[in-house]
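> Sharing query_15.txt, compact mmCIF, C-alpha atoms and all ligand atoms:
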# COMPACT_ATOMS: atom_id res chain seq x y z
CA MET E 73 4.29 20.87 8.41
CA SER E 74 1.91 18.64 6.47
CA GLU E 75 -1.33 20.17 5.28
CA GLN E 76 -3.22 18.04 7.79
CA ASP E 77 -1.29 19.62 10.70
CA ASP E 78 -1.86 23.11 9.39
CA PRO E 79 -4.54 24.77 11.56
CA ALA E 80 -5.73 26.70 8.48
CA PHE E 81 -6.37 23.44 6.60
CA LYS E 82 -10.07 22.74 6.55
CA LEU E 83 -11.95 20.12 4.63
CA ASP E 84 -15.38 20.54 3.16
CA GLU E 85 -17.93 18.79 5.27
CA VAL E 86 -19.92 15.95 3.78
CA THR E 87 -23.54 17.10 3.63
CA GLU E 88 -26.81 15.28 3.09
CA GLU E 89 -26.80 16.74 -0.40
CA HIS E 90 -23.50 14.96 -1.10
CA ARG E 91 -24.82 11.73 0.39
CA ALA E 92 -27.97 11.94 -1.75
CA GLN E 93 -25.84 11.67 -4.89
CA ALA E 94 -25.55 7.89 -4.46
CA SER E 95 -27.94 5.17 -3.39
CA PRO E 96 -27.74 4.05 0.25
CA GLN E 97 -27.31 0.44 -0.91
CA ASN E 98 -24.23 1.12 -3.00
CA THR E 99 -22.85 3.56 -0.44
CA GLU E 100 -23.04 0.83 2.18
CA LYS E 101 -21.51 -1.66 -0.23
CA MET E 102 -18.60 0.68 -1.00
CA TRP E 103 -17.95 1.38 2.71
CA LYS E 104 -17.73 -2.37 3.28
CA TYR E 105 -15.45 -2.79 0.28
CA ALA E 106 -13.15 0.09 1.36
CA ARG E 107 -12.76 -1.24 4.91
CA LYS E 108 -12.16 -4.79 3.72
CA PHE E 109 -9.71 -3.86 0.97
CA ALA E 110 -7.71 -1.61 3.34
CA GLU E 111 -7.34 -4.56 5.70
CA LYS E 112 -6.49 -7.00 2.92
CA SER E 113 -3.99 -4.71 1.17
CA GLY E 114 -2.19 -3.55 4.32
CA THR E 115 -3.24 0.10 4.12
CA TYR E 116 -5.36 2.48 6.18
CA LEU E 117 -8.41 4.51 5.34
CA HIS E 118 -7.61 8.23 5.53
CA PRO E 119 -7.41 9.72 9.06
CA HIS E 120 -9.86 12.43 7.90
CA GLU E 121 -13.04 10.42 7.53
CA GLU E 122 -14.59 13.14 5.32
CA ILE E 123 -12.04 12.32 2.62
CA THR E 124 -12.96 8.64 2.72
CA GLU E 125 -16.66 9.45 2.71
CA PHE E 126 -16.39 11.69 -0.37
CA LEU E 127 -14.54 8.89 -2.18
CA VAL E 128 -17.00 6.23 -1.07
CA ILE E 129 -19.87 8.39 -2.36
CA GLY E 130 -18.01 8.81 -5.67
CA LEU E 131 -17.51 5.06 -6.03
CA ALA E 132 -21.13 4.36 -5.09
CA LYS E 133 -22.37 6.88 -7.65
CA HIS E 134 -20.37 5.10 -10.32
CA MET E 135 -21.87 1.81 -9.16
CA ASP E 136 -25.33 3.37 -9.56
CA ASP E 137 -24.60 4.90 -12.97
CA LEU E 138 -22.21 2.40 -14.55
CA GLY E 139 -22.58 -0.80 -12.54
CA ARG E 140 -18.87 -0.78 -11.63
CA PRO E 141 -16.77 1.12 -9.07
CA LEU E 142 -14.85 3.31 -11.50
CA CYS E 143 -12.19 5.44 -9.79
CA PRO E 144 -13.82 8.72 -8.70
CA CYS E 145 -10.69 10.89 -9.07
CA ASN E 146 -10.04 10.84 -12.80
CA PHE E 147 -11.55 12.72 -15.70
CA TYR E 148 -13.00 10.39 -18.35
CA GLU E 149 -13.98 11.38 -21.88
CA ASP E 150 -16.37 8.44 -21.90
CA LYS E 151 -17.18 6.94 -18.52
CA ALA E 152 -19.21 4.04 -19.91
CA ALA E 153 -16.34 2.98 -22.20
CA GLU E 154 -13.83 3.31 -19.36
CA ALA E 155 -16.02 1.22 -17.07
CA LYS E 156 -15.81 -1.66 -19.55
CA LYS E 157 -12.03 -1.80 -19.07
CA SER E 158 -10.48 -2.88 -15.81
CA THR E 159 -7.62 -0.36 -15.50
CA TRP E 160 -9.48 2.18 -13.35
CA ILE E 161 -11.97 -0.09 -11.64
CA CYS E 162 -11.21 0.09 -7.91
CA ALA E 163 -8.84 -1.37 -6.82
CA CYS E 164 -7.10 -0.03 -9.92
CA GLU E 165 -4.03 -1.31 -11.69
CA GLU E 166 -1.76 1.19 -9.90
CA MET E 167 -3.01 -0.09 -6.56
CA GLN E 168 -2.62 -3.72 -7.55
CA LYS E 169 0.88 -3.16 -8.91
CA TYR E 170 2.38 -0.41 -6.76
CA LYS E 171 0.02 -0.11 -3.78
CA TYR E 172 -0.44 3.52 -4.80
CA CYS E 173 -3.85 5.22 -4.50
CA HIS E 174 -3.79 8.72 -5.94
CA CYS E 175 -7.29 9.39 -4.56
CA LEU E 176 -6.03 8.88 -0.96
CA LEU E 177 -8.61 6.20 -0.23
CA PHE E 178 -5.95 3.64 0.76
CA VAL E 179 -3.03 5.32 2.51
CA ASP E 180 -0.52 5.02 5.35
CA LYS E 181 -1.45 5.88 8.93
CA GLU E 182 -0.69 9.59 8.41
CA GLY E 183 -2.83 9.81 5.28
CA PHE E 184 -0.11 9.69 2.62
CA PRO E 185 -0.25 7.38 -0.39
CA ILE E 186 2.38 4.64 -0.49
CA THR E 187 4.92 5.50 -3.18
CA GLU E 188 7.92 3.28 -2.52
CA TYR E 189 7.14 0.83 -5.35
CA LEU E 190 6.32 3.48 -7.99
CA PRO E 191 8.65 4.04 -10.93
CA GLU E 192 10.97 6.93 -10.04
CA ASP E 193 9.56 9.19 -12.76
CA HIS E 194 5.94 8.70 -11.62
CA GLU E 195 4.18 11.89 -10.53
CA GLY E 196 3.37 10.33 -7.14
CA ARG E 197 7.10 10.25 -6.37
CA GLU E 198 7.46 13.85 -7.44
CA ILE E 199 4.57 14.98 -5.24
CA TYR E 200 5.10 12.89 -2.11
CA GLY E 201 8.70 11.63 -2.26
CA VAL E 202 9.22 8.07 -1.01
CA VAL E 203 6.43 6.95 1.31
CA LYS E 204 7.15 3.53 2.80
CA ASP E 205 4.73 0.64 2.84
CA PRO E 206 3.59 0.03 6.45
CA PHE E 207 2.76 -3.63 5.68
CA PRO E 208 5.12 -4.90 2.96
CA ASP E 209 3.83 -8.45 3.28
CA LYS E 210 0.33 -7.44 2.13
CA GLY E 211 -1.18 -6.17 -1.13
CA ARG E 212 0.41 -5.64 -4.59
CA ALA E 213 -0.92 -8.94 -5.94
CA LEU E 214 -0.29 -7.94 -9.56
CA GLY E 215 3.13 -6.43 -8.79
CA ARG E 216 4.18 -9.65 -7.09
CA LEU E 217 2.96 -11.73 -10.02
CA GLU E 218 4.98 -9.55 -12.41
CA GLU E 219 8.08 -10.00 -10.26
CA LYS E 220 7.55 -13.76 -10.15
CA GLN E 221 6.96 -14.13 -13.87
CA GLY E 222 9.54 -11.50 -14.89
CA ARG E 223 7.18 -9.74 -17.30
CA LYS E 224 4.71 -6.85 -17.40
CA ILE E 225 1.08 -7.86 -16.93
CA ASP E 226 -1.97 -5.61 -16.98
CA LYS E 227 -4.93 -5.96 -14.67
CA SER E 228 -6.90 -8.05 -17.15
CA GLY E 229 -4.04 -10.58 -17.17
CA HIS E 230 -2.55 -9.60 -20.54
CA ALA E 231 1.19 -9.17 -20.97
S1 LIG V 1 -6.75 5.41 -7.19
FE1 LIG V 1 -7.21 3.25 -7.50
S2 LIG V 1 -7.37 2.33 -5.47
FE2 LIG V 1 -7.52 4.55 -5.26
S3 LIG V 1 -9.75 4.97 -5.27
FE3 LIG V 1 -8.99 5.21 -7.37
S4 LIG V 1 -9.32 3.18 -8.27
FE4 LIG V 1 -9.44 2.92 -6.05
With the file now loaded, output its structure as structure tokens.

Amino acid sequence: MSEQDDPAFKLDEVTEEHRAQASPQNTEKMWKYARKFAEKSGTYLHPHEEITEFLVIGLAKHMDDLGRPLCPCNFYEDKAAEAKKSTWICACEEMQKYKYCHCLLFVDKEGFPITEYLPEDHEGREIYGVVKDPFPDKGRALGRLEEKQGRKIDKSGHA
């Protein structure tokens, strides 16, 4: 049984206090971005809307504080320094290469992150096993470019 099917599994509700952590403008902007990127990348937003909303608030707060949508699910020693790099700006390098979102913002229809393109020793494989891509013809722009050029490339375009 997945945790979502478990009757004892209960998510925290999103409260007005949570929503007040980010500006309405950036929250709206991040909702639009999340919906659009899910469509473009061939993924779904999580079936539990509370999960998506928490993540959208996290991204919007980073937009307010840092001016960029830094991934809300990592710990950063120095957020401002991290925001200057592109690795963890949403959609992050892992998403662009492997279509893998460890935050569970962009997932398959059941709410699992896509893991089929991850290196076998990646922790996402260990946690979730192989989760197939529901739309293999979409997303992974950077991964496809690497395959085409036969070399590793990071999100800023450097080899
Ligand atoms: S893991 Fe990547 S794609 Fe998912 S929310 Fe974080 S930055 Fe965005």
> How many Å separate atom CA of E:Asn98 from atom CA of E:Val128?
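Taking atom CA of E:Asn98 and atom CA of E:Val128, their separation equals 9.1 Å.
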> At what distance in Å, to one decimal, does atom CA of E:Thr99 lie from atom CA of E:Glu165?
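It comes out at 22.5 Å.
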> At a cut-off of 8 Å and counting only C-alpha atoms and all ligand atoms, what residues surround ligand LIG 1 (chain V)? Please answer as a list in words.
Leu127, Leu131, Pro141, Leu142, Cys143, Pro144, Cys145, Asn146, Trp160, Ile161, Cys162, Ala163, Cys164, Glu165, Glu166, Met167, Gln168, Lys171, Tyr172, Cys173, His174, Cys175, Leu176, Leu177 and Phe178 of chain E
> What gap, in Å, lies between atom CA of E:Gly222 and atom CA of E:Pro191?
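Separation of atom CA of E:Gly222 and atom CA of E:Pro191: 16.1 Å.
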> Compare E:Glu111, E:Asp180, E:Glu125, E:Glu149 by their minimum atom-to-atom distance to E:Val86, counting only C-alpha atoms, and give me the closest one.
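Nearest candidate to E:Val86 out of E:Glu111, E:Asp180, E:Glu125, E:Glu149: E:Glu125.
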> Fewer than 5 positions away in the same chain doesn't count, so skip those; otherwise give me all residues within 12 Å of E:Asp209, counting all atoms listed in the file, as a count of residues only.
6
> Can you pull out every residue within 10 Å of E:Thr187, counting only C-alpha atoms, but drop anything in the same chain fewer than 4 positions away, and send it as a short mmCIF file (atom, residue, chain, number, x, y, z; two decimals) with C-alpha atoms, in the coordinates of the input?

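And here is the file that came out, part.cif:
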data_model
loop_
_atom_site.label_atom_id
_atom_site.label_comp_id
_atom_site.auth_asym_id
_atom_site.auth_seq_id
_atom_site.Cartn_x
_atom_site.Cartn_y
_atom_site.Cartn_z
CA TYR E 170 2.38 -0.41 -6.76
CA LYS E 171 0.02 -0.11 -3.78
CA TYR E 172 -0.44 3.52 -4.80
CA CYS E 173 -3.85 5.22 -4.50
CA HIS E 174 -3.79 8.72 -5.94
CA VAL E 179 -3.03 5.32 2.51
CA PRO E 191 8.65 4.04 -10.93
CA GLU E 192 10.97 6.93 -10.04
CA HIS E 194 5.94 8.70 -11.62
CA GLU E 195 4.18 11.89 -10.53
CA GLY E 196 3.37 10.33 -7.14
CA ARG E 197 7.10 10.25 -6.37
CA GLU E 198 7.46 13.85 -7.44
CA ILE E 199 4.57 14.98 -5.24
CA TYR E 200 5.10 12.89 -2.11
CA GLY E 201 8.70 11.63 -2.26
CA VAL E 202 9.22 8.07 -1.01
CA VAL E 203 6.43 6.95 1.31
CA LYS E 204 7.15 3.53 2.80
CA ASP E 205 4.73 0.64 2.84
#
> For stretch 203-214 of chain E, what centre and edge lengths in Å (one decimal) does the axis-aligned box get once 4 Å is added on each side of all its listed atoms, as JSON?

{"center_x": 3.0, "center_y": -1.0, "center_z": -1.6, "size_x": 16.3, "size_y": 23.9, "size_z": 24.0}
> Name all residues at most 10 Å from E:Gln93 (count all atoms listed in the file; drop same-chain ones fewer than 2 positions away) and give them as a PyMOL selection string.
chain E and resi 88-91+95-96+99+129-130+132-133+136
> Select, from E:Gly229, E:Lys169, E:Leu138, E:Ala92, the residue with the minimum atom-to-atom distance to E:Lys210, counting only C-alpha atoms.
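Counting only C-alpha atoms, the residue closest to E:Lys210 is E:Lys169.
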